[in-house]
Amino acid sequence: MLFADKLNQLADGLADNGYAVVDHFLLPDEVTTILQLDEFQNGLLQFKKAGIGHQQEKQINEGIRGDYIQWVDRTTAKPALQVYLEKLNVLIGFVNQTLYLSLKDYEVHLTQYPPGTFYKRHLDQFKKDDHRKLSAICYLNTNWKQEEGGQLRLYLENETKDVLPEAGRLVCFRSDLLEHEVLPASRPRLSLTGWLLDQHADLRHL
Ligand code: OGA
Ligand code: MN
């Protein structure tokens, strides 16, 4: 499938359902080079515990989320990550055109959920910051099996939909509308977690 077809699939899903799941957004080789980065090879060494709440109000609460993150600084990001950031740029241009959005930028962190950790049901938009318009998560776990858990559970209008965090798969959804949660897994669960913003990211989190 051409990348252009994947973008179309993504825009159609967002327009029709408010979310989309696109496989092979990152190709297997691209996932492999990302997993070889020191950041991921060093376990949790360069990661910090993720908080909840915005900026000064940030708190650690393991009863709500147990993941570890490292924000990506695009000015120093290694080529393996630049490949992903460039795909996000193309995605932004495409959905701006097809869905008449005015997305301007993105913010992305590397994410690791150690076995047993989770993120309870939540929305991605902050009360005091509504600049996150679309959530975009790309998974990095090869051969993920159903019985290993770690599903992303989307709370749709009349049902739930579970998505396995399989390598290369991108999930994208409306940050203001779609409640979701991450179920605990029996193996480490790695991803690139990001948001498409209607403002420039500047140094929002660095
Ligand atoms: C988040 C989140 C979902 C996932 O980081 O806000 O909901 O599948 N992540 O990792
Ligand atoms: Mn979320």
# chains A, B, ... in the order shown; residues from 1 in each chain; ligands from 1

call {"tool": "select_by_dssp", "arguments": {"residues": "segment 16-167 of chain A", "states": "helix (DSSP H, G or I)", "output": "PyMOL selection string"}}
result
chain A and resi 16-17+28-35+38-41+55-57+79-99+146-148

call {"tool": "residues_near_ligand", "arguments": {"ligand": "ligand 2", "cutoff": "10 Å", "atoms": "only C-alpha atoms and all ligand atoms", "output": "count of residues only"}}
result
23

call {"tool": "residues_around", "arguments": {"residues": "His24 of chain A", "least_positions_apart": "6", "cutoff": "10 Å", "atoms": "only C-alpha atoms", "output": "PyMOL selection string"}}
result
chain A and resi 1+3+6+30-31+138-139+166-170

call {"tool": "write_last_selection", "arguments": {"atoms": "N, CA and C atoms", "output": "PDB file, in the first residue's frame"}}
result
ATOM      1  N   MET A   1       0.841  -1.206   0.000  1.00  0.00           N
ATOM      2  CA  MET A   1       0.000   0.000   0.000  1.00  0.00           C
ATOM      3  C   MET A   1       0.876   1.257   0.000  1.00  0.00           C
ATOM      4  N   PHE A   3       2.023   5.147   0.673  1.00  0.00           N
ATOM      5  CA  PHE A   3       1.815   6.013   1.834  1.00  0.00           C
ATOM      6  C   PHE A   3       0.588   6.901   1.632  1.00  0.00           C
ATOM      7  N   LYS A   6      -2.440   5.198   2.706  1.00  0.00           N
ATOM      8  CA  LYS A   6      -2.565   5.152   4.171  1.00  0.00           C
ATOM      9  C   LYS A   6      -3.105   6.472   4.702  1.00  0.00           C
ATOM     10  N   GLU A  30      11.967   0.662   9.525  1.00  0.00           N
ATOM     11  CA  GLU A  30      11.952   1.953  10.237  1.00  0.00           C
ATOM     12  C   GLU A  30      11.733   1.729  11.732  1.00  0.00           C
ATOM     13  N   VAL A  31      10.890   0.776  12.065  1.00  0.00           N
ATOM     14  CA  VAL A  31      10.686   0.428  13.478  1.00  0.00           C
ATOM     15  C   VAL A  31      11.986  -0.110  14.071  1.00  0.00           C
ATOM     16  N   CYS A 138       2.032   5.736  17.582  1.00  0.00           N
ATOM     17  CA  CYS A 138       2.573   4.698  16.712  1.00  0.00           C
ATOM     18  C   CYS A 138       3.315   3.677  17.574  1.00  0.00           C
ATOM     19  N   TYR A 139       2.962   2.423  17.417  1.00  0.00           N
ATOM     20  CA  TYR A 139       3.495   1.361  18.281  1.00  0.00           C
ATOM     21  C   TYR A 139       4.760   0.750  17.709  1.00  0.00           C
ATOM     22  N   GLU A 166       0.679  -3.206  17.922  1.00  0.00           N
ATOM     23  CA  GLU A 166       1.578  -3.891  16.993  1.00  0.00           C
ATOM     24  C   GLU A 166       2.503  -2.907  16.267  1.00  0.00           C
ATOM     25  N   ALA A 167       3.741  -3.316  16.084  1.00  0.00           N
ATOM     26  CA  ALA A 167       4.763  -2.449  15.483  1.00  0.00           C
ATOM     27  C   ALA A 167       4.312  -1.835  14.167  1.00  0.00           C
ATOM     28  N   GLY A 168       4.532  -0.536  14.022  1.00  0.00           N
ATOM     29  CA  GLY A 168       4.229   0.177  12.789  1.00  0.00           C
ATOM     30  C   GLY A 168       2.819   0.712  12.703  1.00  0.00           C
ATOM     31  N   ARG A 169       1.953   0.252  13.603  1.00  0.00           N
ATOM     32  CA  ARG A 169       0.542   0.644  13.554  1.00  0.00           C
ATOM     33  C   ARG A 169       0.359   2.043  14.153  1.00  0.00           C
ATOM     34  N   LEU A 170      -0.359   2.899  13.439  1.00  0.00           N
ATOM     35  CA  LEU A 170      -0.683   4.239  13.938  1.00  0.00           C
ATOM     36  C   LEU A 170      -2.161   4.300  14.302  1.00  0.00           C
TER      37      LEU A 170
END

call {"tool": "atom_distance", "arguments": {"atom1": "atom CA of Gln112 of chain A", "atom2": "atom CA of Pro188 of chain A"}}
result
6.7 Å

call {"tool": "closest_atom_pairs", "arguments": {"of": "segment 79-198 of chain A", "to": "segment 45-49 of chain A", "cutoff": "12 Å", "atoms": "only C-alpha atoms", "output": "CSV"}}
result
residue,atom,partner,partner_atom,distance
A:His109,CA,A:Phe47,CA,9.9
A:Leu110,CA,A:Phe47,CA,8.3
A:Thr111,CA,A:Phe47,CA,8.1
A:Gln112,CA,A:Phe47,CA,8.2
A:Tyr113,CA,A:Lys49,CA,9.9
A:Pro114,CA,A:Lys49,CA,10.9
A:Thr117,CA,A:Lys49,CA,11.5
A:Leu190,CA,A:Phe47,CA,11.9

call {"tool": "write_last_selection", "arguments": {"atoms": "N, CA, C and O atoms", "output": "compact mmCIF listing (two decimals), in the first residue's frame"}}
result
# COMPACT_ATOMS: atom_id res chain seq x y z
N HIS A 109 6.40 12.21 22.34
CA HIS A 109 7.36 11.60 23.26
C HIS A 109 7.51 10.11 23.00
O HIS A 109 6.60 9.45 22.51
N LEU A 110 8.72 9.61 23.33
CA LEU A 110 8.95 8.17 23.36
C LEU A 110 8.28 7.68 24.63
O LEU A 110 8.31 8.35 25.66
N THR A 111 7.68 6.51 24.56
CA THR A 111 6.91 6.00 25.70
C THR A 111 7.24 4.55 25.97
O THR A 111 7.34 3.75 25.04
N GLN A 112 7.37 4.21 27.25
CA GLN A 112 7.50 2.81 27.66
C GLN A 112 6.55 2.54 28.82
O GLN A 112 6.56 3.26 29.82
N TYR A 113 5.76 1.52 28.67
CA TYR A 113 4.95 1.00 29.78
C TYR A 113 5.62 -0.28 30.26
O TYR A 113 5.59 -1.30 29.55
N PRO A 114 6.22 -0.27 31.46
CA PRO A 114 6.75 -1.53 31.99
C PRO A 114 5.61 -2.53 32.20
O PRO A 114 4.45 -2.12 32.34
N THR A 117 1.92 -2.07 34.01
CA THR A 117 1.46 -0.68 34.12
C THR A 117 0.36 -0.41 33.10
O THR A 117 0.13 -1.18 32.17
N LEU A 190 6.13 -0.38 23.97
CA LEU A 190 6.83 0.81 23.50
C LEU A 190 6.04 1.52 22.41
O LEU A 190 5.40 0.87 21.58

call {"tool": "select_by_dssp", "arguments": {"residues": "chain A", "states": "strand (DSSP E)", "output": "PyMOL selection string"}}
result
chain A and resi 19-22+48-49+68-71+105-113+119-122+132-139+152-155+160-163+170-174+179-182+189-197

call {"tool": "closest_residue", "arguments": {"among": "A:Thr98, A:Gln70, A:Gln82, A:Asn158", "to": "ligand 1", "atoms": "only C-alpha atoms and all ligand atoms"}}
result
A:Gln70

call {"tool": "atom_distance", "arguments": {"atom1": "atom CA of Ile34 of chain A", "atom2": "atom CA of Asp5 of chain A"}}
result
23.5 Å

call {"tool": "closest_residue", "arguments": {"among": "A:Gln199, A:Asn143, A:Asn8, A:Thr160", "to": "Asp105 of chain A", "atoms": "only C-alpha atoms"}}
result
A:Gln199

call {"tool": "closest_residue", "arguments": {"among": "A:Phe40, A:Phe25, A:Phe94, A:Tyr155", "to": "ligand 1", "atoms": "only C-alpha atoms and all ligand atoms"}}
result
A:Tyr155

call {"tool": "atom_distance", "arguments": {"atom1": "atom CA of Pro28 of chain A", "atom2": "atom CA of Leu156 of chain A"}}
result
29.6 Å

call {"tool": "closest_residue", "arguments": {"among": "A:Ala185, A:Leu192, A:Leu140, A:Leu197", "to": "Ile92 of chain A", "atoms": "only C-alpha atoms"}}
result
A:Leu197

call {"tool": "closest_residue", "arguments": {"among": "A:Gly93, A:Pro115, A:Pro79, A:Gly66", "to": "ligand 1", "atoms": "only C-alpha atoms and all ligand atoms"}}
result
A:Gly66

call {"tool": "closest_residue", "arguments": {"among": "A:Pro184, A:Lys128, A:Asp16, A:Val83", "to": "Glu57 of chain A", "atoms": "only C-alpha atoms"}}
result
A:Lys128

call {"tool": "residues_around", "arguments": {"residues": "Asn17 of chain A", "least_positions_apart": "3", "cutoff": "10 Å", "atoms": "only C-alpha atoms", "output": "tab-separated table (two decimals) with N, CA and C atoms, in the first residue's frame"}}
result
chain	number	residue	atom	x	y	z
A	11	ALA	N	-7.59	9.72	6.94
A	11	ALA	CA	-8.53	10.85	6.86
A	11	ALA	C	-9.97	10.33	6.81
A	12	ASP	N	-10.21	9.25	6.07
A	12	ASP	CA	-11.57	8.69	6.00
A	12	ASP	C	-12.03	8.23	7.38
A	13	GLY	N	-11.16	7.53	8.09
A	13	GLY	CA	-11.51	7.05	9.43
A	13	GLY	C	-11.84	8.20	10.37
A	14	LEU	N	-11.01	9.24	10.33
A	14	LEU	CA	-11.26	10.39	11.20
A	14	LEU	C	-12.59	11.06	10.85
A	20	ALA	N	-8.93	6.50	13.56
A	20	ALA	CA	-8.45	5.64	12.47
A	20	ALA	C	-7.30	4.79	12.98
A	156	LEU	N	-16.03	4.20	22.22
A	156	LEU	CA	-16.85	4.79	21.16
A	156	LEU	C	-18.26	5.00	21.70
A	157	GLU	N	-19.16	5.53	20.88
A	157	GLU	CA	-20.48	5.90	21.36
A	157	GLU	C	-21.22	4.73	22.00
A	173	PHE	N	-6.88	9.81	16.74
A	173	PHE	CA	-8.26	10.11	17.14
A	173	PHE	C	-8.39	11.53	17.67
A	174	ARG	N	-9.63	11.97	17.76
A	174	ARG	CA	-9.93	13.32	18.25
A	174	ARG	C	-9.57	13.43	19.73
